[in-house]
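Below is one structure, written out as structure tokens, with a few remarks after it.
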Amino acid sequence: MKTDTQLKTDIARELEWDSSINATNVGVGVKDAIVTLTGHLDTYAEKYAIERAVQRVQGVKAVAVELDVKLAPDHKRSDAEIASAIESAFRWHVFIPAERIRVKVEKGWVSLTGEVDWEYQRSTCEKTVRPLTGVIGVTNSITLRAQVPPADINNRIRDALARQAEREARNIEVMVNGSTVTLRGKVHSWAERMAVQGASWSAPGITHVVNELIVSS
């Protein structure tokens with residue numbers, strides 16, 4: 001098991017390794033394997049990249065993000081320009097049913113609402129918005145259309161976990177209640193935790209995933 005000092009060193013190296021991140025703007029604190037990130041960033045895309053980089057590091061149990069985005073002058077755009085760019089990007093994206101998504105932009109913060117059929121469509125909307133110039137944050141309130149899950153949905157999820165994360169599947173409890181999946185147990189890294197969650201989202205008829213998995217080194 002890594003000490004907090006070792007974990008902080010590994011995080012610093014991972015941030016320096018990622019060319020999309022300016023590590024000099026990021027403060028990293030670690031206590032009991034819980035990471036706190038502080039600092040001011042030029043873009044929302046970089047903020048997200050930093051979060052993902054930290055989550056890749058083995059031994060991280062949780063991340064507290066206290067980063068804020070202060071756009072550089074050349075990154076600033078009006079809300080109307082941002083909204084127009086988002087709507088155009090959605091129309092050109094094959095995974096996004098643009099006609100079912102509503103976009104609101106207020107002082108650079110984007111709010112997404114509407115209803116789609118699959119989680120990958122919902123997450124793709126957010127992924128498409130993150131790197132756009134002028135965006136300082138995203139609230140994704142898009143919902144999934146209610147569907148009746150197959151009778152064997154629990155077995156389907158377990159089969160998917162065994163295919164994608166066999167080691168973790170043995171230590172995970174999967175509970176299905178209607179269209180909600182609850183995951184409990186232990187995994188070895190934050191990346192594995194998110195992989196298990198992603199596998200569960202791919203199940204037909206699932207509209208909510210409650211991830212109670214604990215990262216245990």
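By convention here, the chains of the structure tokens are called A, B, ... in the order presented, each chain's residues are numbered starting at 1, and ligands are numbered starting at 1 in the order presented.
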Requested in this report: Based on DSSP run over this structure's backbone, return all residues of range 82-181 of chain A in alpha helix (DSSP H), as a VMD selection string.
Outcome: chain A and resid 82 to 91 119 to 129 153 to 164 166 to 169
Query raised in the report: Counting only C-alpha atoms, what is within 9 Å of range 94-109 of chain A, bar same-chain residues fewer than 3 positions away, as a list in words?
Result: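 Close residues of range 94-109 of chain A: Lys76, Arg77, Ser78, Asp79, Ala80, Ile82, Ala83, Ile86, Glu87, Phe90, Arg91, Leu112, Thr113, Gly114, Glu115, Val116, Tyr120, Gln121, Arg122, Thr124, Cys125, Gly134, Val135, Ile136, Gly137, Val138, Thr139 and Ile142 of chain A.
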Output file for the residues above (N, CA and C atoms, as an mmCIF file, in the first residue's frame):
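The resulting part.cif:
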```
data_model
loop_
_atom_site.group_PDB
_atom_site.id
_atom_site.type_symbol
_atom_site.label_atom_id
_atom_site.label_comp_id
_atom_site.auth_asym_id
_atom_site.auth_seq_id
_atom_site.Cartn_x
_atom_site.Cartn_y
_atom_site.Cartn_z
ATOM 1 N N LYS A 76 -12.338 33.480 -24.074
ATOM 2 C CA LYS A 76 -13.667 33.962 -23.718
ATOM 3 C C LYS A 76 -14.571 34.071 -24.950
ATOM 4 N N ARG A 77 -15.836 33.647 -24.766
ATOM 5 C CA ARG A 77 -16.840 33.738 -25.813
ATOM 6 C C ARG A 77 -18.162 34.151 -25.162
ATOM 7 N N SER A 78 -19.037 34.762 -25.940
ATOM 8 C CA SER A 78 -20.355 35.119 -25.410
ATOM 9 C C SER A 78 -21.185 33.848 -25.251
ATOM 10 N N ASP A 79 -22.215 33.920 -24.405
ATOM 11 C CA ASP A 79 -23.085 32.767 -24.212
ATOM 12 C C ASP A 79 -23.758 32.358 -25.520
ATOM 13 N N ALA A 80 -24.111 33.337 -26.340
ATOM 14 C CA ALA A 80 -24.756 33.048 -27.626
ATOM 15 C C ALA A 80 -23.803 32.281 -28.551
ATOM 16 N N ILE A 82 -21.306 30.361 -27.597
ATOM 17 C CA ILE A 82 -21.120 29.015 -27.051
ATOM 18 C C ILE A 82 -22.322 28.139 -27.401
ATOM 19 N N ALA A 83 -23.524 28.674 -27.202
ATOM 20 C CA ALA A 83 -24.733 27.904 -27.500
ATOM 21 C C ALA A 83 -24.790 27.514 -28.967
ATOM 22 N N ILE A 86 -22.316 24.676 -29.613
ATOM 23 C CA ILE A 86 -22.803 23.399 -29.083
ATOM 24 C C ILE A 86 -23.860 22.796 -29.995
ATOM 25 N N GLU A 87 -24.816 23.600 -30.389
ATOM 26 C CA GLU A 87 -25.895 23.099 -31.245
ATOM 27 C C GLU A 87 -25.349 22.597 -32.578
ATOM 28 N N PHE A 90 -23.580 19.241 -31.903
ATOM 29 C CA PHE A 90 -24.562 18.181 -31.688
ATOM 30 C C PHE A 90 -25.171 17.711 -33.009
ATOM 31 N N ARG A 91 -25.463 18.648 -33.892
ATOM 32 C CA ARG A 91 -26.082 18.270 -35.177
ATOM 33 C C ARG A 91 -25.162 17.396 -36.009
ATOM 34 N N LEU A 112 -27.482 21.040 -19.750
ATOM 35 C CA LEU A 112 -28.071 20.178 -20.766
ATOM 36 C C LEU A 112 -29.286 19.458 -20.196
ATOM 37 N N THR A 113 -30.409 19.499 -20.904
ATOM 38 C CA THR A 113 -31.607 18.768 -20.497
ATOM 39 C C THR A 113 -32.180 18.060 -21.712
ATOM 40 N N GLY A 114 -33.118 17.167 -21.462
ATOM 41 C CA GLY A 114 -33.717 16.396 -22.542
ATOM 42 C C GLY A 114 -33.775 14.931 -22.156
ATOM 43 N N GLU A 115 -34.102 14.085 -23.130
ATOM 44 C CA GLU A 115 -34.239 12.655 -22.870
ATOM 45 C C GLU A 115 -33.650 11.867 -24.039
ATOM 46 N N VAL A 116 -32.834 10.852 -23.711
ATOM 47 C CA VAL A 116 -32.242 9.985 -24.728
ATOM 48 C C VAL A 116 -32.492 8.528 -24.339
ATOM 49 N N TYR A 120 -24.682 6.103 -23.257
ATOM 50 C CA TYR A 120 -23.589 6.580 -24.100
ATOM 51 C C TYR A 120 -23.985 7.853 -24.839
ATOM 52 N N GLN A 121 -25.282 8.013 -25.157
ATOM 53 C CA GLN A 121 -25.732 9.245 -25.795
ATOM 54 C C GLN A 121 -25.668 10.411 -24.815
ATOM 55 N N ARG A 122 -26.100 10.155 -23.588
ATOM 56 C CA ARG A 122 -26.070 11.188 -22.548
ATOM 57 C C ARG A 122 -24.638 11.640 -22.264
ATOM 58 N N THR A 124 -22.017 11.261 -24.209
ATOM 59 C CA THR A 124 -21.411 11.857 -25.403
ATOM 60 C C THR A 124 -21.749 13.341 -25.508
ATOM 61 N N CYS A 125 -22.947 13.704 -25.101
ATOM 62 C CA CYS A 125 -23.321 15.121 -25.109
ATOM 63 C C CYS A 125 -22.358 15.938 -24.249
ATOM 64 N N GLY A 134 -14.666 28.701 -24.300
ATOM 65 C CA GLY A 134 -15.594 29.544 -23.558
ATOM 66 C C GLY A 134 -16.362 28.821 -22.475
ATOM 67 N N VAL A 135 -16.373 27.494 -22.505
ATOM 68 C CA VAL A 135 -17.123 26.718 -21.513
ATOM 69 C C VAL A 135 -16.338 26.662 -20.203
ATOM 70 N N ILE A 136 -17.003 26.955 -19.080
ATOM 71 C CA ILE A 136 -16.334 26.879 -17.781
ATOM 72 C C ILE A 136 -16.884 25.747 -16.911
ATOM 73 N N GLY A 137 -17.984 25.123 -17.331
ATOM 74 C CA GLY A 137 -18.545 24.010 -16.575
ATOM 75 C C GLY A 137 -19.753 23.439 -17.287
ATOM 76 N N VAL A 138 -20.143 22.225 -16.902
ATOM 77 C CA VAL A 138 -21.276 21.552 -17.529
ATOM 78 C C VAL A 138 -22.136 20.886 -16.464
ATOM 79 N N THR A 139 -23.436 21.116 -16.535
ATOM 80 C CA THR A 139 -24.406 20.373 -15.735
ATOM 81 C C THR A 139 -25.208 19.502 -16.683
ATOM 82 N N ILE A 142 -29.596 15.517 -18.549
ATOM 83 C CA ILE A 142 -30.278 14.684 -19.535
ATOM 84 C C ILE A 142 -30.698 13.377 -18.864
#
```
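The closest residue to Lys47 in chain A, picked from A:Pro131, A:Lys31, A:Trp201, A:Arg13 and counting only C-alpha atoms, is A:Pro131.
Nearest to Thr128 in chain A of all the residues A:Val176, A:Ala89, A:Ala199, A:Ala49 is A:Ala89, based on only C-alpha atoms.
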Requested in this report: Please provide the set of residues having any atom within 12 Å of Glu16 in chain A, restricted to only C-alpha atoms, with same-chain residues fewer than 6 positions apart removed, written as a list in words.
Outcome: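 What passes the distance filter is Thr9, Asp10, Asn22, Ala23, Thr24, Asn25, Val26, Ala49, Ile50, Ala53 and Val54 of chain A.
For the pair CA of Ala85 in chain A and CA of Arg145 in chain A, the interatomic distance is 26.0 Å.
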Requested in this report: Name the closest residue to Glu192 in chain A among the candidates A:Gly59, A:Trp92, A:Val209, A:Thr143; distances are taken between atoms, counting only C-alpha atoms.
Outcome: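 Closest to Glu192 in chain A of all the choices is A:Gly59.
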Query raised in the report: For Ser216 in chain A, which residue among A:Gln58, A:Ser111, A:Thr3, A:Thr182 is the nearest when counting only C-alpha atoms?
Result: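 Among A:Gln58, A:Ser111, A:Thr3, A:Thr182, it is A:Gln58 that comes nearest to Ser216 in chain A.
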Query raised in the report: By how many Å are CA of Glu51 in chain A and CA of Leu37 in chain A apart?
Result: 8.5 Å
Report task. Output as an NGL selection string all residues of chain A that backbone DSSP marks as strand (DSSP E or B). Result -> :A and (27-31 or 34-41 or 62-69 or 101-106 or 109-116 or 137-140 or 143-144 or 172-177 or 180-187 or 208-215)
Report summary line: A straight line from CA of Val57 in chain A to CA of Lys186 in chain A spans 16.7 Å
Requested in this report: Pick out the closest residue to Ala62 in chain A from this set: A:Thr36, A:Asn155, A:Thr43, A:Asn140. Count only C-alpha atoms.
Outcome: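 Answer, going by the shortest atom-to-atom distance: A:Thr36.
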Query - Selection: 7 Å around Lys70 in chain A, only C-alpha atoms, excl. self and same-chain fewer than 4 positions, as a list in words - result: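 Everything that qualifies: His40, Leu41 and Asp42 of chain A.
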Residue contacts of Val215 in chain A (8 Å, only C-alpha atoms) excluding same-chain residues fewer than 4 positions away, as an mmCIF file with C-alpha atoms, in the first residue's frame:
```cif
data_model
loop_
_atom_site.group_PDB
_atom_site.id
_atom_site.type_symbol
_atom_site.label_atom_id
_atom_site.label_comp_id
_atom_site.auth_asym_id
_atom_site.auth_seq_id
_atom_site.Cartn_x
_atom_site.Cartn_y
_atom_site.Cartn_z
ATOM 1 C CA GLY A 59 -4.010 3.881 -4.842
ATOM 2 C CA VAL A 60 -6.310 6.904 -5.153
ATOM 3 C CA LYS A 61 -9.499 6.255 -3.177
ATOM 4 C CA LYS A 186 -14.339 -3.560 -3.507
ATOM 5 C CA VAL A 187 -12.126 -2.807 -6.495
ATOM 6 C CA HIS A 188 -8.397 -2.138 -6.741
ATOM 7 C CA SER A 189 -8.394 1.284 -8.428
ATOM 8 C CA TRP A 190 -10.561 4.240 -9.367
ATOM 9 C CA ARG A 193 -14.481 1.396 -10.318
#
```
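Nearest-residue note for Arg130 in chain A: choosing from A:Gln6, A:Thr38, A:Ile21, A:Glu46, the minimum distance belongs to A:Glu46, counting only C-alpha atoms.
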Query - All residues 7 Å or closer to Val174 in chain A, only C-alpha atoms, same chain fewer than 6 positions away omitted, as a PyMOL selection string - result: chain A and resi 181-184
